[in-house]
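For reference, model.txt is printed below; it contains compact mmCIF, C-alpha atoms.
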```
# COMPACT_ATOMS: atom_id res chain seq x y z
CA MET A 1 0.00 0.00 0.00
CA LYS A 2 1.31 3.42 -1.01
CA ILE A 3 0.37 6.55 0.92
CA ALA A 4 1.08 9.93 -0.64
CA PHE A 5 1.66 13.31 1.01
CA PHE A 6 1.21 16.49 -0.99
CA ASP A 7 2.20 20.04 -0.05
CA SER A 8 3.09 23.26 -1.80
CA GLY A 9 6.63 22.86 -0.47
CA ILE A 10 8.50 21.55 2.55
CA GLY A 11 5.76 22.16 5.12
CA GLY A 12 4.18 18.75 4.61
CA LEU A 13 7.42 17.12 5.71
CA SER A 14 6.20 17.82 9.26
CA VAL A 15 3.30 15.44 8.64
CA LEU A 16 5.48 12.88 6.87
CA ALA A 17 8.04 12.98 9.71
CA GLU A 18 5.35 12.03 12.23
CA ALA A 19 4.07 9.28 9.91
CA LEU A 20 7.59 7.82 9.73
CA ARG A 21 7.55 7.60 13.53
CA ARG A 22 4.04 6.29 13.89
CA PHE A 23 3.86 3.63 11.17
CA SER A 24 6.07 0.75 10.10
CA GLY A 25 6.55 -1.12 6.83
CA ALA A 26 4.81 1.62 4.84
CA GLU A 27 5.51 2.95 1.36
CA PHE A 28 5.17 6.73 1.21
CA LEU A 29 5.29 9.23 -1.63
CA TYR A 30 6.02 12.89 -0.94
CA PHE A 31 5.23 15.62 -3.48
CA ALA A 32 6.48 19.17 -2.88
CA ASP A 33 5.22 21.59 -5.51
CA GLU A 34 8.41 23.62 -5.40
CA ASP A 35 7.73 25.13 -8.82
CA HIS A 36 4.66 26.96 -7.50
CA VAL A 37 5.22 27.54 -3.77
CA PRO A 38 3.76 29.47 -1.96
CA TYR A 39 0.07 28.64 -2.38
CA GLY A 40 -1.23 31.00 0.30
CA THR A 41 -1.17 34.10 -1.89
CA LYS A 42 -2.57 32.45 -5.05
CA SER A 43 -6.18 32.45 -6.24
CA ARG A 44 -8.46 29.59 -5.27
CA ALA A 45 -8.85 28.56 -8.93
CA GLU A 46 -5.09 28.31 -9.39
CA ILE A 47 -4.68 26.25 -6.22
CA VAL A 48 -7.43 23.86 -7.35
CA ARG A 49 -5.67 23.36 -10.69
CA LEU A 50 -2.26 22.79 -9.11
CA SER A 51 -3.70 20.42 -6.50
CA LEU A 52 -5.51 18.34 -9.12
CA ASP A 53 -2.27 18.05 -11.10
CA ALA A 54 -0.26 17.04 -8.02
CA VAL A 55 -2.71 14.44 -6.74
CA GLY A 56 -3.19 13.11 -10.27
CA PHE A 57 0.56 12.56 -10.48
CA LEU A 58 0.60 10.73 -7.14
CA VAL A 59 -2.32 8.50 -8.08
CA SER A 60 -0.53 7.67 -11.34
CA ARG A 61 2.42 6.55 -9.19
CA GLY A 62 0.19 4.05 -7.41
CA ALA A 63 -0.99 6.02 -4.37
CA ASP A 64 -3.77 4.18 -2.51
CA GLY A 65 -4.51 7.24 -0.40
CA VAL A 66 -3.43 10.89 -0.40
CA VAL A 67 -2.86 13.24 2.52
CA VAL A 68 -3.15 16.87 1.48
CA ALA A 69 -0.53 18.00 3.99
CA CYS A 70 -1.25 21.65 3.25
CA ASN A 71 -3.94 23.65 5.03
CA THR A 72 -4.21 26.07 2.12
CA ALA A 73 -4.75 23.37 -0.51
CA THR A 74 -7.24 21.65 1.78
CA SER A 75 -9.19 24.86 2.23
CA ALA A 76 -9.24 25.63 -1.48
CA ALA A 77 -9.42 22.27 -3.21
CA ILE A 78 -10.41 19.35 -0.97
CA SER A 79 -13.93 19.02 -2.43
CA GLU A 80 -12.62 19.01 -6.00
CA LEU A 81 -9.93 16.46 -5.11
CA ARG A 82 -12.39 14.08 -3.49
CA GLY A 83 -14.69 14.41 -6.48
CA ALA A 84 -11.95 13.74 -9.00
CA PHE A 85 -10.25 10.69 -7.47
CA SER A 86 -11.56 7.40 -6.13
CA VAL A 87 -8.78 6.94 -3.54
CA PRO A 88 -9.24 8.40 -0.03
CA VAL A 89 -8.11 12.04 0.17
CA ILE A 90 -7.45 13.30 3.70
CA GLY A 91 -7.06 17.02 4.31
CA MET A 92 -5.32 19.17 6.92
CA GLU A 93 -7.52 21.39 9.04
CA PRO A 94 -6.36 23.89 11.66
CA ALA A 95 -6.81 22.27 15.06
CA VAL A 96 -9.00 25.07 16.42
CA LYS A 97 -11.59 22.61 17.74
CA LEU A 98 -8.92 20.69 19.65
CA ALA A 99 -7.62 23.98 21.06
CA ALA A 100 -11.11 25.12 22.01
CA ASP A 101 -11.93 21.80 23.68
CA SER A 102 -8.65 21.80 25.60
CA PHE A 103 -8.06 25.47 26.41
CA GLY A 104 -11.42 27.06 25.65
CA ALA A 105 -11.56 29.17 28.78
CA ARG A 106 -9.11 31.51 27.04
CA PRO A 107 -9.03 32.76 23.42
CA THR A 108 -7.30 30.79 20.68
CA LEU A 109 -5.00 32.47 18.15
CA LEU A 110 -4.83 30.81 14.73
CA ILE A 111 -1.84 31.63 12.51
CA ALA A 112 -2.17 30.55 8.88
CA THR A 113 -1.88 31.71 5.27
CA PRO A 114 -4.19 34.49 4.03
CA LEU A 115 -6.23 32.09 1.88
CA THR A 116 -6.82 29.64 4.74
CA ILE A 117 -7.98 32.43 7.04
CA ALA A 118 -10.27 33.92 4.39
CA GLY A 119 -11.72 30.55 3.37
CA GLU A 120 -15.32 29.49 3.93
CA LYS A 121 -14.19 26.14 5.31
CA LEU A 122 -12.45 27.77 8.28
CA ALA A 123 -15.33 30.20 8.81
CA ARG A 124 -17.75 27.29 9.15
CA LEU A 125 -15.40 25.46 11.51
CA VAL A 126 -14.85 28.48 13.76
CA GLY A 127 -18.56 29.32 13.66
CA ARG A 128 -19.37 26.03 15.38
CA LEU A 129 -17.04 26.76 18.30
CA GLU A 130 -17.94 28.53 21.51
CA CYS A 131 -14.33 29.55 22.17
CA GLU A 132 -13.19 33.04 21.14
CA THR A 133 -10.87 32.62 18.14
CA TRP A 134 -8.49 35.20 16.71
CA SER A 135 -6.76 34.88 13.32
CA LEU A 136 -3.44 36.15 12.02
CA PRO A 137 -2.16 35.64 8.44
CA LEU A 138 1.62 35.09 8.28
CA PRO A 139 2.49 34.68 4.58
CA ARG A 140 6.16 35.58 5.02
CA LEU A 141 6.69 32.66 7.38
CA VAL A 142 6.18 30.24 4.47
CA GLU A 143 8.81 32.11 2.49
CA PHE A 144 11.23 32.03 5.42
CA ALA A 145 10.79 28.26 5.71
CA GLN A 146 11.31 27.69 2.01
CA ASP A 147 14.51 29.75 2.20
CA LEU A 148 15.79 27.68 5.17
CA GLU A 149 15.61 30.76 7.40
CA PHE A 150 14.24 29.57 10.72
CA GLY A 151 15.64 31.63 13.59
CA SER A 152 17.24 34.67 12.01
CA PRO A 153 16.80 38.23 13.34
CA ALA A 154 14.40 38.86 10.42
CA VAL A 155 12.22 35.91 11.47
CA ARG A 156 12.20 36.99 15.10
CA THR A 157 11.39 40.59 14.23
CA TYR A 158 8.58 39.54 11.89
CA LEU A 159 6.95 37.24 14.45
CA ARG A 160 7.34 39.67 17.36
CA GLU A 161 5.80 42.53 15.39
CA GLU A 162 2.88 40.44 14.13
CA LEU A 163 2.12 38.74 17.44
CA ALA A 164 2.33 42.09 19.26
CA LYS A 165 -1.01 42.96 17.65
CA PHE A 166 -2.70 40.67 20.20
CA GLU A 167 -2.99 40.45 23.97
CA LEU A 168 -0.87 37.33 24.27
CA GLU A 169 -1.35 37.05 28.03
CA ARG A 170 -5.04 36.39 27.43
CA LEU A 171 -4.40 33.45 25.11
CA GLY A 172 -4.83 29.80 26.01
CA SER A 173 -3.38 28.36 22.81
CA LEU A 174 -1.78 29.18 19.49
CA VAL A 175 -2.83 26.97 16.56
CA LEU A 176 -0.43 26.34 13.70
CA GLY A 177 -2.69 26.53 10.65
CA CYS A 178 0.07 25.88 8.12
CA THR A 179 2.40 22.89 8.08
CA HIS A 180 5.34 25.19 7.27
CA PHE A 181 4.93 26.82 10.67
CA ASN A 182 6.09 23.70 12.54
CA TYR A 183 9.69 24.71 11.76
CA PHE A 184 9.33 27.81 13.96
CA LYS A 185 8.11 26.32 17.22
CA ASP A 186 11.27 27.30 19.09
CA VAL A 187 10.98 30.98 18.09
CA LEU A 188 7.25 31.02 18.84
CA ARG A 189 7.93 29.46 22.22
CA GLU A 190 10.37 32.28 23.01
CA ILE A 191 7.79 34.95 22.18
CA LEU A 192 4.64 33.44 23.68
CA PRO A 193 3.88 33.53 27.40
CA PRO A 194 4.77 30.20 29.06
CA HIS A 195 1.13 29.21 29.68
CA VAL A 196 0.17 29.39 25.98
CA ARG A 197 0.13 25.97 24.34
CA ILE A 198 1.21 25.42 20.73
CA VAL A 199 -1.19 23.12 18.87
CA ASP A 200 -1.14 21.62 15.36
CA GLY A 201 -3.42 19.25 13.47
CA ILE A 202 -0.93 16.52 12.57
CA ASP A 203 -2.16 13.89 15.03
CA GLY A 204 -5.75 14.32 13.94
CA THR A 205 -4.81 14.02 10.28
CA LEU A 206 -2.82 10.81 10.78
CA ASN A 207 -5.59 9.34 12.95
CA ARG A 208 -8.01 10.03 10.11
CA LEU A 209 -5.60 8.46 7.63
CA ALA A 210 -5.32 5.25 9.67
CA SER A 211 -9.10 5.12 10.02
CA GLU A 212 -9.74 5.68 6.31
CA LEU A 213 -7.36 2.90 5.32
CA GLY A 214 -9.03 0.40 7.64
CA GLY A 215 -5.94 -1.19 9.14
CA GLY A 216 -3.81 -0.93 6.02
CA LEU A 217 -1.12 0.87 8.01
CA LYS A 218 0.87 -0.93 10.69
CA LEU A 219 1.59 1.02 13.85
CA ALA A 220 5.14 1.25 15.19
CA HIS A 221 3.83 0.41 18.69
CA GLY A 222 5.38 3.44 20.35
CA GLU A 223 8.97 2.63 19.44
CA ASP A 224 11.35 5.55 19.78
CA LEU A 225 12.47 5.51 16.17
CA PRO A 226 15.01 8.35 16.34
CA SER A 227 16.98 6.64 19.09
CA GLN A 228 17.50 3.50 17.02
CA VAL A 229 20.57 2.87 14.93
CA ALA A 230 19.22 2.74 11.42
CA LYS A 231 20.65 2.12 8.00
CA PHE A 232 19.29 4.12 5.13
CA ASP A 233 19.96 3.12 1.58
CA ALA A 234 18.72 4.23 -1.77
CA LYS A 235 19.10 2.68 -5.19
CA ASP A 236 22.11 3.14 -7.42
CA GLY A 237 24.72 3.11 -4.70
CA ILE A 238 23.67 5.87 -2.34
CA LYS A 239 23.88 4.71 1.29
CA PHE A 240 22.85 6.39 4.53
CA ASP A 241 23.73 5.55 8.13
CA THR A 242 22.14 7.38 11.03
CA ASN A 243 21.70 7.22 14.75
CA SER A 244 19.30 10.08 15.33
CA SER A 245 18.02 11.50 18.60
CA THR A 246 15.07 13.58 19.68
CA GLN A 247 17.64 15.77 21.42
CA VAL A 248 19.36 16.68 18.14
CA SER A 249 20.28 20.33 18.29
CA LYS A 250 23.50 20.76 16.38
CA PHE A 251 24.53 19.32 13.05
CA LYS A 252 27.89 19.48 11.36
CA ALA A 253 28.48 18.43 7.82
CA GLU A 254 31.62 17.79 5.86
CA GLY A 255 31.66 17.14 2.13
CA ARG A 256 34.46 16.60 -0.35
CA GLY A 257 33.85 17.00 -4.05
CA ALA A 258 35.86 16.94 -7.22
CA ASP A 259 36.08 20.74 -7.22
CA GLY A 260 37.18 21.22 -3.65
CA TYR A 261 36.26 20.84 -0.03
CA ALA A 262 33.09 22.22 1.56
CA LYS A 263 32.27 22.37 5.25
CA PHE A 264 28.92 23.18 6.87
CA ASN A 265 27.74 23.81 10.41
CA ALA A 266 24.09 24.30 11.44
CA ASN A 267 22.50 24.99 14.76
CA SER A 268 18.92 23.79 14.42
CA GLN A 269 17.64 25.45 17.56
CA THR A 270 18.82 29.02 17.22
CA GLY A 271 18.89 29.25 13.46
CA GLU A 272 21.58 31.91 13.81
CA LEU A 273 23.83 30.95 10.95
CA ASP A 274 26.61 32.45 8.94
CA ALA A 275 28.77 31.62 5.92
CA ARG A 276 32.39 32.49 5.23
CA GLU A 277 34.74 31.90 2.36
CA ARG A 278 38.51 31.72 2.70
CA ASP A 279 41.36 29.94 0.93
CA GLY A 280 38.99 28.37 -1.55
CA ARG A 281 36.91 26.76 1.24
CA LEU A 282 33.35 27.53 2.19
CA ALA A 283 32.68 27.44 5.94
CA GLY A 284 29.18 28.09 7.25
CA ASP A 285 25.92 26.20 7.46
CA VAL A 286 23.44 24.62 5.12
CA HIS A 287 20.99 27.49 5.73
CA ALA A 288 23.48 30.12 4.68
CA VAL A 289 24.79 28.22 1.70
CA GLU A 290 21.31 27.73 0.30
CA GLN A 291 20.53 31.44 0.58
CA CYS A 292 23.68 33.04 -0.75
CA GLY A 293 22.71 32.96 -4.42
CA GLU A 294 22.87 30.75 -7.45
CA ASP A 295 26.66 30.75 -7.63
CA LYS A 296 26.99 29.24 -4.16
CA ARG A 297 24.01 26.95 -4.62
CA ARG A 298 25.69 25.32 -7.59
CA MET A 299 28.53 24.19 -5.35
CA LEU A 300 26.33 21.59 -3.64
CA PRO A 301 25.51 19.47 -6.70
CA ARG A 302 29.20 19.51 -7.66
CA ALA A 303 30.07 18.17 -4.23
CA VAL A 304 27.85 15.14 -4.67
CA ASP A 305 29.07 14.37 -8.18
CA ALA A 306 32.08 12.69 -6.53
CA ASN A 307 32.48 10.88 -3.21
CA LEU A 308 30.82 12.89 -0.49
CA GLN A 309 30.24 12.24 3.17
CA LEU A 310 27.81 14.29 5.20
CA LYS A 311 28.54 14.10 8.92
CA LEU A 312 25.91 14.99 11.49
CA TYR A 313 26.48 15.00 15.23
CA SER A 314 23.83 14.76 17.91
CA ARG A 315 24.13 16.66 21.16
CA GLY A 316 25.65 13.54 22.74
CA GLY A 317 28.29 13.38 20.04
CA ALA A 318 26.88 10.38 18.17
CA ASP A 319 28.22 10.24 14.62
CA LEU A 320 25.46 10.29 12.01
CA SER A 321 27.17 9.61 8.68
CA LEU A 322 25.55 9.79 5.27
CA GLU A 323 27.62 8.64 2.29
CA PHE A 324 26.90 9.63 -1.29
CA GLU A 325 28.80 7.53 -3.84
CA PRO A 326 29.50 8.52 -7.46
CA ARG A 327 26.49 7.95 -9.69
CA GLY A 328 27.54 9.32 -13.06
CA ASN A 329 25.27 11.70 -14.93
CA GLU A 330 21.97 10.37 -13.56
CA MET A 331 21.35 11.91 -10.14
CA ASP A 332 17.67 11.07 -9.53
CA ILE A 333 16.99 9.07 -6.37
CA PRO A 334 13.87 6.91 -6.74
CA ARG A 335 13.41 5.83 -3.13
CA VAL A 336 14.94 6.15 0.33
CA ASN A 337 14.48 3.50 3.01
CA TYR A 338 13.92 4.57 6.60
CA PRO A 339 13.71 2.77 9.98
CA ASN A 340 10.93 0.26 10.66
CA GLY A 341 10.78 -0.71 7.01
CA ASN A 342 9.27 2.58 5.85
CA SER A 343 10.29 4.03 2.50
CA VAL A 344 9.71 7.37 0.80
CA GLU A 345 9.83 8.46 -2.82
CA TYR A 346 10.39 12.21 -2.93
CA PHE A 347 9.31 14.46 -5.80
CA TYR A 348 9.68 18.17 -6.48
CA SER A 349 6.77 19.09 -8.77
CA GLY A 350 6.91 15.63 -10.34
CA ARG A 351 10.71 15.35 -10.56
CA ALA A 352 12.70 12.91 -8.45
CA LEU A 353 15.20 14.53 -6.10
CA ASP A 354 18.93 14.53 -6.70
CA ALA A 355 21.44 13.86 -3.92
CA ALA A 356 21.85 17.52 -2.91
CA GLN A 357 18.08 17.99 -2.62
CA LEU A 358 17.75 14.79 -0.62
CA ARG A 359 20.44 15.94 1.78
CA LYS A 360 18.45 19.13 2.29
CA VAL A 361 15.31 17.08 3.04
CA GLU A 362 17.21 15.09 5.66
CA LEU A 363 18.23 18.31 7.40
CA PHE A 364 14.63 19.52 7.36
CA LEU A 365 13.61 16.25 9.03
CA LYS A 366 16.28 16.75 11.69
CA ARG A 367 14.97 20.26 12.33
CA LEU A 368 11.44 18.88 12.75
CA ASP A 369 12.79 16.22 15.09
CA ALA A 370 14.04 18.95 17.42
CA MET A 371 10.83 21.00 17.09
CA ARG A 372 8.53 18.14 18.09
CA GLU A 373 9.76 18.37 21.69
CA ILE A 374 8.32 21.91 21.92
CA ASN A 375 4.62 21.98 22.83
```

Exercise: express the given structure as structure tokens:
Amino acid sequence: MKIAFFDSGIGGLSVLAEALRRFSGAEFLYFADEDHVPYGTKSRAEIVRLSLDAVGFLVSRGADGVVVACNTATSAAISELRGAFSVPVIGMEPAVKLAADSFGARPTLLIATPLTIAGEKLARLVGRLECETWSLPLPRLVEFAQDLEFGSPAVRTYLREELAKFELERLGSLVLGCTHFNYFKDVLREILPPHVRIVDGIDGTLNRLASELGGGLKLAHGEDLPSQVAKFDAKDGIKFDTNSSTQVSKFKAEGRGADGYAKFNANSQTGELDARERDGRLAGDVHAVEQCGEDKRRMLPRAVDANLQLKLYSRGGADLSLEFEPRGNEMDIPRVNYPNGNSVEYFYSGRALDAAQLRKVELFLKRLDAMREIN
């Protein structure tokens, strides 16, 4: 059985990451519509068209069920998707009902994209609640996530200024109404009063998925997947070894390519990153390298053309090594195997990922691993 996840970009990885923990022996497909991200500022008609194309692609790849891991696409297109395809299509809804049921004595603040907040679907959902609900569109947060900018001064300034529009001390909960926003839990936690709980809709979506598939997904029985030593491998000679931890906070990467030597450092909790060049070497972090323009960005694919080893270190010093072996001219990676027998095929707007893109996905998953410990 193949289960597909679809998002406008990397936000849906937060849903996939939890599915990789919760289920075992599952085949997953992940579709990031990187050619058209963000969705939140597009028209409803355009989002419907893009969503139909994406889900059609996933069904053509054998998907037995599709999770629309995007609140915006769910709001705009879920009815059309369910009408067009015979497989189950599960949407993402902001968890405002969960927040109201749990913390309803105080107001709830929903942060989401402009289209989700303006949508009729959310209006109907909020209208059924007795809890006072406030809404705040944060379109730039999607852009920050896509640019790998998670804890920079610009992110902190943006969130502080936007959240300052509300009486935060009155709040009971803050609802993440966009899957991209899960990358910013640490910054949100810094800004919000300690009593305010951060809530998302991932658990509810995966519960619905398991229910819709009628036992087709096998639970991992509460195993702590990140603490296991796991071997990742993909076809055509790319191998991965990891011993991840829920305490991961700092990652270091070293890569050697035919054109030189590149070194990266990333602090996943602070997001305060920098990049420096000297003596023909690039020292900095993955965040900074990805943002410093096309010239720098081209260095990453060159590094993986030849032998490359990406080293990650957990807080406890455990060595998490990922080896990329030479693959010639064809760089597409059809599938990656994860712990518990799960596998994922990744696609960017219908194209299989190359090694550099896959490495970036792995770092996103590590970031999410650290964020999940923040309520």

Residue among A:Ser152, A:Asn207, A:Thr41, A:Ser173 lying closest to Ala105 of chain A, counting all atoms listed in the file: A:Ser173

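Proximity ranking of A:Arg197, A:Arg44, A:Arg156, A:Arg351 relative to Leu176 of chain A places A:Arg197 first, based on only C-alpha atoms.
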
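Minimum distance to Lys185 of chain A across A:Ser60, A:Ser14, A:Thr116, A:Gln357 (counting all atoms listed in the file) occurs at A:Ser14.
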
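With atom CA of Leu110 of chain A on one side and atom CA of Leu174 of chain A on the other, the separation reads 5.9 Å.
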
Counting only C-alpha atoms, figure out which residue out of A:Thr133, A:Ser75, A:Ser211, A:Asn375 gets nearest to Ala100 of chain A. A:Thr133

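When only C-alpha atoms are used to compute distances to Lys360 of chain A, the closest of the residues A:Asp7, A:Gly25, A:Tyr346, A:Leu125 turns out to be A:Tyr346.
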
Who sits within 8 Å of Cys178 of chain A, only C-alpha atoms, same chain under 3 positions skipped, as an MDAnalysis selection string: chainID A and resid 11 70:72 94 111:113 181:182

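In this structure, atom CA of Gly216 of chain A sits 7.2 Å away from atom CA of Met1 of chain A.
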
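The space separating atom CA of Val361 of chain A from atom CA of Leu136 of chain A comes to 28.2 Å.
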
Would you pick out the contacts of segment 201-203 of chain A at 10 Å or less, using only C-alpha atoms, so that residues sharing its chain but fewer than 5 positions from it are not included, and give the list as a PyMOL selection string? chain A and resi 12+14-16+18-19+22+69+71+92-99+175-179+208-209

Distance query Pro193 of chain A at most 10 Å, all atoms listed in the file, self and fewer than 5 positions along chain excluded, as an NGL selection string: :A and (168-172 or 188)

Which of these, A:Val187, A:Val199, A:Val59, A:Leu365, has the shortest distance to Leu109 of chain A once you count all atoms listed in the file? A:Val199

For Ala220 of chain A, work out the shell of residues within 8 Å, counting only C-alpha atoms and skipping chain neighbours fewer than 3 positions away, then give it as a count of residues only. 6

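Within 7 Å of His180 of chain A, once only C-alpha atoms are used and residues closer than 3 positions along the same chain are dropped, the contacting residues are Ile10, Gly11, Val142, Ala145 and Tyr183 of chain A.
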